[in-house]
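Scroll down for the structure; my scribbles are underneath it.
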Amino acid sequence: MLRQYVIGNWKMHGSVGQIRSVVRELLRAGLGTNVALCVPYPYIALTKSLLMEAESALQLGAQDVCEYHIGAYTGEVSAAMLADVGCEMVIVGHSERRRYFGESSETAARKVRAALDGGLFPVYCVGETLEQRQSGIARDIIAEELQVLAGVPTSLYAVAYEPSWAVGTGVVATPEQIAEMHAFIKGTLDARTRVLYGGSVKGDNAGQVLAVDGVDGVLVGGAALSAAEFLDICREAR
Ligand code: PGA
């Protein structure tokens, strides 16, 4: 079995100083290829140079990518550019992109395709809101979001199940909720699909989350900003 992934999503946090200090601390721990950091665009090159200096196996990623390949798209960043500066992966369709920037599954589908064409490994996020869960349509929402991946070979991507009521809220889905939704996602796509859980994963609950059947890793937001906390999570990966 592949080692469980631990992917840190810095979101719109950080500075040159913070990146340097956190990445250096992570590097001292000698993490493997199952661990990745998705930092804001301006810090990708800096992070890459820190990783190269230390000959680290840690993977580097971005948090979004343009759906177009090249051209007059002011403010956008292409998959080829991300690969060029050393990214191996990219988060696509995060709930914050859907909620605050109106990103639809159609856009996310084009971004997944652009990422694959650019040689990046997309980590595609799906998840329901609390309202959708309470009205019993969580599976329908996830099934609709998963259509983005139709026809894409399973080995080329990972899915992150991130219920939006658990993202940044301090509320973690229960082991039963996680197991049920991961089984549903694998059942819908392919049993071999790598499915990560995300939503308020911290050092003190990562062990429990990573022990759940069908969990192939975690996508970590807030807790990735602290090297100590992130390392605690990495130590729980099997
Ligand atoms: P969180 O974010 O760990 O801060 O809840 C997770 C994510 O958005 O990927």
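Lettering and numbering for the structure tokens are positional, with chains as A, B, ... in the shown order, residues counted from 1 in each chain, and ligands counted from 1 in the shown order.
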
Using only C-alpha atoms and all ligand atoms, find each residue with an atom at most 7 Å away from ligand 1 and format the answer as a PDB file with N, CA, C and O atoms, in the first residue's frame.
```pdb
ATOM      1  N   ASN A   9      -2.143  22.860   3.075  1.00  0.00           N
ATOM      2  CA  ASN A   9      -2.689  23.937   2.249  1.00  0.00           C
ATOM      3  C   ASN A   9      -2.565  25.230   3.052  1.00  0.00           C
ATOM      4  O   ASN A   9      -3.314  25.433   4.005  1.00  0.00           O
ATOM      5  N   GLU A 162     -13.839  17.022   1.586  1.00  0.00           N
ATOM      6  CA  GLU A 162     -13.780  18.109   2.559  1.00  0.00           C
ATOM      7  C   GLU A 162     -15.175  18.694   2.772  1.00  0.00           C
ATOM      8  O   GLU A 162     -15.566  19.645   2.064  1.00  0.00           O
ATOM      9  N   ALA A 166     -16.779  21.372   7.968  1.00  0.00           N
ATOM     10  CA  ALA A 166     -15.623  20.966   8.776  1.00  0.00           C
ATOM     11  C   ALA A 166     -14.373  21.772   8.438  1.00  0.00           C
ATOM     12  O   ALA A 166     -13.385  21.721   9.162  1.00  0.00           O
ATOM     13  N   VAL A 167     -14.426  22.534   7.332  1.00  0.00           N
ATOM     14  CA  VAL A 167     -13.224  23.268   6.886  1.00  0.00           C
ATOM     15  C   VAL A 167     -13.081  24.566   7.678  1.00  0.00           C
ATOM     16  O   VAL A 167     -13.955  25.434   7.628  1.00  0.00           O
ATOM     17  N   GLY A 168     -12.001  24.650   8.443  1.00  0.00           N
ATOM     18  CA  GLY A 168     -11.713  25.870   9.202  1.00  0.00           C
ATOM     19  C   GLY A 168     -12.645  26.134  10.364  1.00  0.00           C
ATOM     20  O   GLY A 168     -12.665  27.230  10.914  1.00  0.00           O
ATOM     21  N   THR A 169     -13.433  25.122  10.730  1.00  0.00           N
ATOM     22  CA  THR A 169     -14.433  25.339  11.785  1.00  0.00           C
ATOM     23  C   THR A 169     -14.049  24.720  13.119  1.00  0.00           C
ATOM     24  O   THR A 169     -14.663  25.008  14.135  1.00  0.00           O
ATOM     25  N   GLY A 170     -13.069  23.823  13.119  1.00  0.00           N
ATOM     26  CA  GLY A 170     -12.723  23.107  14.342  1.00  0.00           C
ATOM     27  C   GLY A 170     -13.602  21.876  14.549  1.00  0.00           C
ATOM     28  O   GLY A 170     -13.401  21.110  15.485  1.00  0.00           O
ATOM     29  N   GLY A 198     -10.242  16.101   4.498  1.00  0.00           N
ATOM     30  CA  GLY A 198      -9.820  17.426   4.943  1.00  0.00           C
ATOM     31  C   GLY A 198     -10.922  18.111   5.710  1.00  0.00           C
ATOM     32  O   GLY A 198     -12.110  17.946   5.405  1.00  0.00           O
ATOM     33  N   GLY A 199     -10.528  18.887   6.694  1.00  0.00           N
ATOM     34  CA  GLY A 199     -11.495  19.628   7.506  1.00  0.00           C
ATOM     35  C   GLY A 199     -11.120  19.531   8.965  1.00  0.00           C
ATOM     36  O   GLY A 199     -11.410  18.526   9.615  1.00  0.00           O
ATOM     37  N   SER A 200     -10.404  20.578   9.449  1.00  0.00           N
ATOM     38  CA  SER A 200     -10.031  20.673  10.868  1.00  0.00           C
ATOM     39  C   SER A 200      -9.170  19.514  11.364  1.00  0.00           C
ATOM     40  O   SER A 200      -9.280  19.103  12.517  1.00  0.00           O
ATOM     41  N   VAL A 201      -8.316  18.983  10.483  1.00  0.00           N
ATOM     42  CA  VAL A 201      -7.364  17.957  10.921  1.00  0.00           C
ATOM     43  C   VAL A 201      -6.250  18.662  11.693  1.00  0.00           C
ATOM     44  O   VAL A 201      -5.679  19.650  11.229  1.00  0.00           O
ATOM     45  N   LEU A 219      -5.775  16.376   3.957  1.00  0.00           N
ATOM     46  CA  LEU A 219      -5.481  17.710   3.431  1.00  0.00           C
ATOM     47  C   LEU A 219      -5.665  18.647   4.623  1.00  0.00           C
ATOM     48  O   LEU A 219      -6.732  18.685   5.240  1.00  0.00           O
ATOM     49  N   VAL A 220      -4.591  19.367   4.938  1.00  0.00           N
ATOM     50  CA  VAL A 220      -4.536  20.110   6.205  1.00  0.00           C
ATOM     51  C   VAL A 220      -4.420  21.602   5.940  1.00  0.00           C
ATOM     52  O   VAL A 220      -3.505  22.029   5.234  1.00  0.00           O
ATOM     53  N   GLY A 221      -5.324  22.388   6.497  1.00  0.00           N
ATOM     54  CA  GLY A 221      -5.259  23.837   6.330  1.00  0.00           C
ATOM     55  C   GLY A 221      -4.522  24.495   7.482  1.00  0.00           C
ATOM     56  O   GLY A 221      -3.293  24.497   7.546  1.00  0.00           O
ATOM     57  N   GLY A 222      -5.286  25.029   8.425  1.00  0.00           N
ATOM     58  CA  GLY A 222      -4.721  25.806   9.537  1.00  0.00           C
ATOM     59  C   GLY A 222      -3.533  25.152  10.232  1.00  0.00           C
ATOM     60  O   GLY A 222      -2.538  25.825  10.541  1.00  0.00           O
ATOM     61  N   ALA A 223      -3.610  23.848  10.457  1.00  0.00           N
ATOM     62  CA  ALA A 223      -2.555  23.172  11.214  1.00  0.00           C
ATOM     63  C   ALA A 223      -1.249  23.044  10.418  1.00  0.00           C
ATOM     64  O   ALA A 223      -0.206  22.712  10.983  1.00  0.00           O
TER      65      ALA A 223
END
```

**Request:** Write out as a list in words which residues come within 6 Å of stretch 154-161 of chain A when counting only C-alpha atoms, dropping same-chain ones fewer than 2 positions away.
**Result:** Phe121, Pro122, Val123, Tyr124, Cys125, Val126, Gly127, Thr193, Arg194, Val195, Leu196 and Tyr197 of chain A

**Prompt:** Taking only C-alpha atoms into account, which of A:Ala45, A:Gly102, A:Gly118, A:Val112 comes nearest A:Ser78?
**Reply:** A:Gly118

Show me, as CSV, the residues of stretch 35-138 of chain A having an atom within 8 Å of stretch 18-30 of chain A, each with the closest atom pair and its distance in Å, using only C-alpha atoms.
```
residue,atom,partner,partner_atom,distance
A:Tyr43,CA,A:Ile19,CA,7.5
A:Thr47,CA,A:Ile19,CA,7.1
A:Leu50,CA,A:Val23,CA,7.4
A:Leu51,CA,A:Leu27,CA,7.5
A:Ala54,CA,A:Leu27,CA,7.1
A:Ser56,CA,A:Leu27,CA,6.9
```

**DSSP alpha helix (DSSP H) residues within stretch 14-232 of chain A, as JSON, numbers by chain** = {"A": [16, 17, 18, 19, 20, 21, 22, 23, 24, 25, 26, 27, 28, 44, 45, 46, 47, 48, 49, 50, 51, 52, 53, 79, 80, 81, 82, 83, 84, 95, 96, 97, 98, 99, 100, 101, 105, 106, 107, 108, 109, 110, 111, 112, 113, 114, 115, 116, 117, 130, 131, 132, 133, 134, 138, 139, 140, 141, 142, 143, 144, 145, 146, 175, 176, 177, 178, 179, 180, 181, 182, 183, 184, 185, 186, 187, 188, 206, 207, 208, 209, 210, 227, 228, 229, 230, 231, 232]}

**Request:** Please identify which residues in stretch 84-188 of chain A DSSP calls strand (DSSP E) from the backbone, and express them as a ChimeraX atom specification.
**Result:** /A:89-92,121-126,158-161

How would the residues just picked look written out with all heavy atoms as a tab-separated table (two decimals), in the first residue's frame?
```
chain	number	residue	atom	x	y	z
A	89	MET	N	2.04	19.13	-7.87
A	89	MET	CA	0.59	18.95	-7.72
A	89	MET	C	-0.13	20.27	-7.61
A	89	MET	O	0.49	21.32	-7.43
A	89	MET	CB	0.31	18.10	-6.50
A	89	MET	CG	0.69	18.73	-5.18
A	89	MET	SD	0.10	17.74	-3.81
A	89	MET	CE	1.04	16.25	-4.06
A	90	VAL	N	-1.46	20.19	-7.67
A	90	VAL	CA	-2.28	21.39	-7.50
A	90	VAL	C	-3.64	21.00	-6.93
A	90	VAL	O	-4.20	19.98	-7.30
A	90	VAL	CB	-2.41	22.17	-8.84
A	90	VAL	CG1	-3.13	21.35	-9.90
A	90	VAL	CG2	-3.13	23.50	-8.62
A	91	ILE	N	-4.11	21.82	-6.01
A	91	ILE	CA	-5.46	21.64	-5.45
A	91	ILE	C	-6.45	22.25	-6.44
A	91	ILE	O	-6.23	23.36	-6.93
A	91	ILE	CB	-5.58	22.34	-4.09
A	91	ILE	CG1	-4.61	21.73	-3.06
A	91	ILE	CG2	-7.01	22.30	-3.57
A	91	ILE	CD1	-4.48	22.53	-1.77
A	92	VAL	N	-7.51	21.53	-6.75
A	92	VAL	CA	-8.53	22.04	-7.68
A	92	VAL	C	-9.91	21.91	-7.04
A	92	VAL	O	-10.22	20.90	-6.40
A	92	VAL	CB	-8.50	21.26	-9.02
A	92	VAL	CG1	-9.64	21.73	-9.94
A	92	VAL	CG2	-7.16	21.43	-9.74
A	121	PHE	N	-0.30	16.83	-10.74
A	121	PHE	CA	-1.18	15.86	-10.10
A	121	PHE	C	-2.29	16.64	-9.39
A	121	PHE	O	-2.05	17.30	-8.39
A	121	PHE	CB	-0.35	15.05	-9.09
A	121	PHE	CG	-1.09	13.95	-8.39
A	121	PHE	CD1	-1.23	12.71	-8.98
A	121	PHE	CD2	-1.62	14.15	-7.12
A	121	PHE	CE1	-1.89	11.68	-8.33
A	121	PHE	CE2	-2.29	13.12	-6.46
A	121	PHE	CZ	-2.42	11.89	-7.06
A	122	PRO	N	-3.53	16.60	-9.93
A	122	PRO	CA	-4.59	17.36	-9.27
A	122	PRO	C	-5.13	16.66	-8.02
A	122	PRO	O	-5.32	15.43	-8.02
A	122	PRO	CB	-5.69	17.46	-10.33
A	122	PRO	CG	-5.26	16.65	-11.49
A	122	PRO	CD	-4.00	15.94	-11.16
A	123	VAL	N	-5.34	17.47	-7.00
A	123	VAL	CA	-6.02	16.98	-5.79
A	123	VAL	C	-7.38	17.67	-5.83
A	123	VAL	O	-7.48	18.88	-5.56
A	123	VAL	CB	-5.23	17.36	-4.51
A	123	VAL	CG1	-5.99	16.92	-3.27
A	123	VAL	CG2	-3.84	16.74	-4.56
A	124	TYR	N	-8.37	16.93	-6.25
A	124	TYR	CA	-9.68	17.51	-6.54
A	124	TYR	C	-10.58	17.43	-5.30
A	124	TYR	O	-10.81	16.33	-4.75
A	124	TYR	CB	-10.30	16.77	-7.73
A	124	TYR	CG	-11.69	17.24	-8.04
A	124	TYR	CD1	-11.93	18.54	-8.47
A	124	TYR	CD2	-12.79	16.40	-7.87
A	124	TYR	CE1	-13.20	18.99	-8.74
A	124	TYR	CE2	-14.07	16.83	-8.14
A	124	TYR	CZ	-14.28	18.14	-8.57
A	124	TYR	OH	-15.55	18.58	-8.82
A	125	CYS	N	-11.08	18.58	-4.87
A	125	CYS	CA	-11.87	18.65	-3.63
A	125	CYS	C	-13.37	18.54	-3.89
A	125	CYS	O	-13.89	19.21	-4.79
A	125	CYS	CB	-11.61	19.96	-2.90
A	125	CYS	SG	-9.88	20.22	-2.50
A	126	VAL	N	-14.01	17.75	-3.06
A	126	VAL	CA	-15.48	17.64	-3.09
A	126	VAL	C	-15.98	17.74	-1.65
A	126	VAL	O	-15.23	17.51	-0.72
A	126	VAL	CB	-15.95	16.29	-3.70
A	126	VAL	CG1	-15.50	16.16	-5.15
A	126	VAL	CG2	-15.46	15.09	-2.88
A	158	ALA	N	-5.89	12.60	-7.05
A	158	ALA	CA	-6.48	12.19	-5.77
A	158	ALA	C	-7.72	13.03	-5.55
A	158	ALA	O	-7.86	14.11	-6.13
A	158	ALA	CB	-5.49	12.42	-4.63
A	159	VAL	N	-8.63	12.52	-4.74
A	159	VAL	CA	-9.83	13.27	-4.35
A	159	VAL	C	-9.67	13.65	-2.89
A	159	VAL	O	-9.15	12.86	-2.09
A	159	VAL	CB	-11.09	12.39	-4.52
A	159	VAL	CG1	-12.33	13.10	-3.97
A	159	VAL	CG2	-11.30	12.04	-5.99
A	160	ALA	N	-10.06	14.87	-2.53
A	160	ALA	CA	-10.09	15.24	-1.11
A	160	ALA	C	-11.55	15.43	-0.73
A	160	ALA	O	-12.23	16.29	-1.30
A	160	ALA	CB	-9.29	16.51	-0.86
A	161	TYR	N	-12.01	14.62	0.23
A	161	TYR	CA	-13.36	14.81	0.75
A	161	TYR	C	-13.28	15.84	1.87
A	161	TYR	O	-12.68	15.59	2.92
A	161	TYR	CB	-13.96	13.49	1.27
A	161	TYR	CG	-15.24	13.73	2.04
A	161	TYR	CD1	-16.31	14.41	1.45
A	161	TYR	CD2	-15.38	13.30	3.36
A	161	TYR	CE1	-17.47	14.67	2.15
A	161	TYR	CE2	-16.55	13.55	4.07
A	161	TYR	CZ	-17.59	14.24	3.47
A	161	TYR	OH	-18.73	14.51	4.17
```
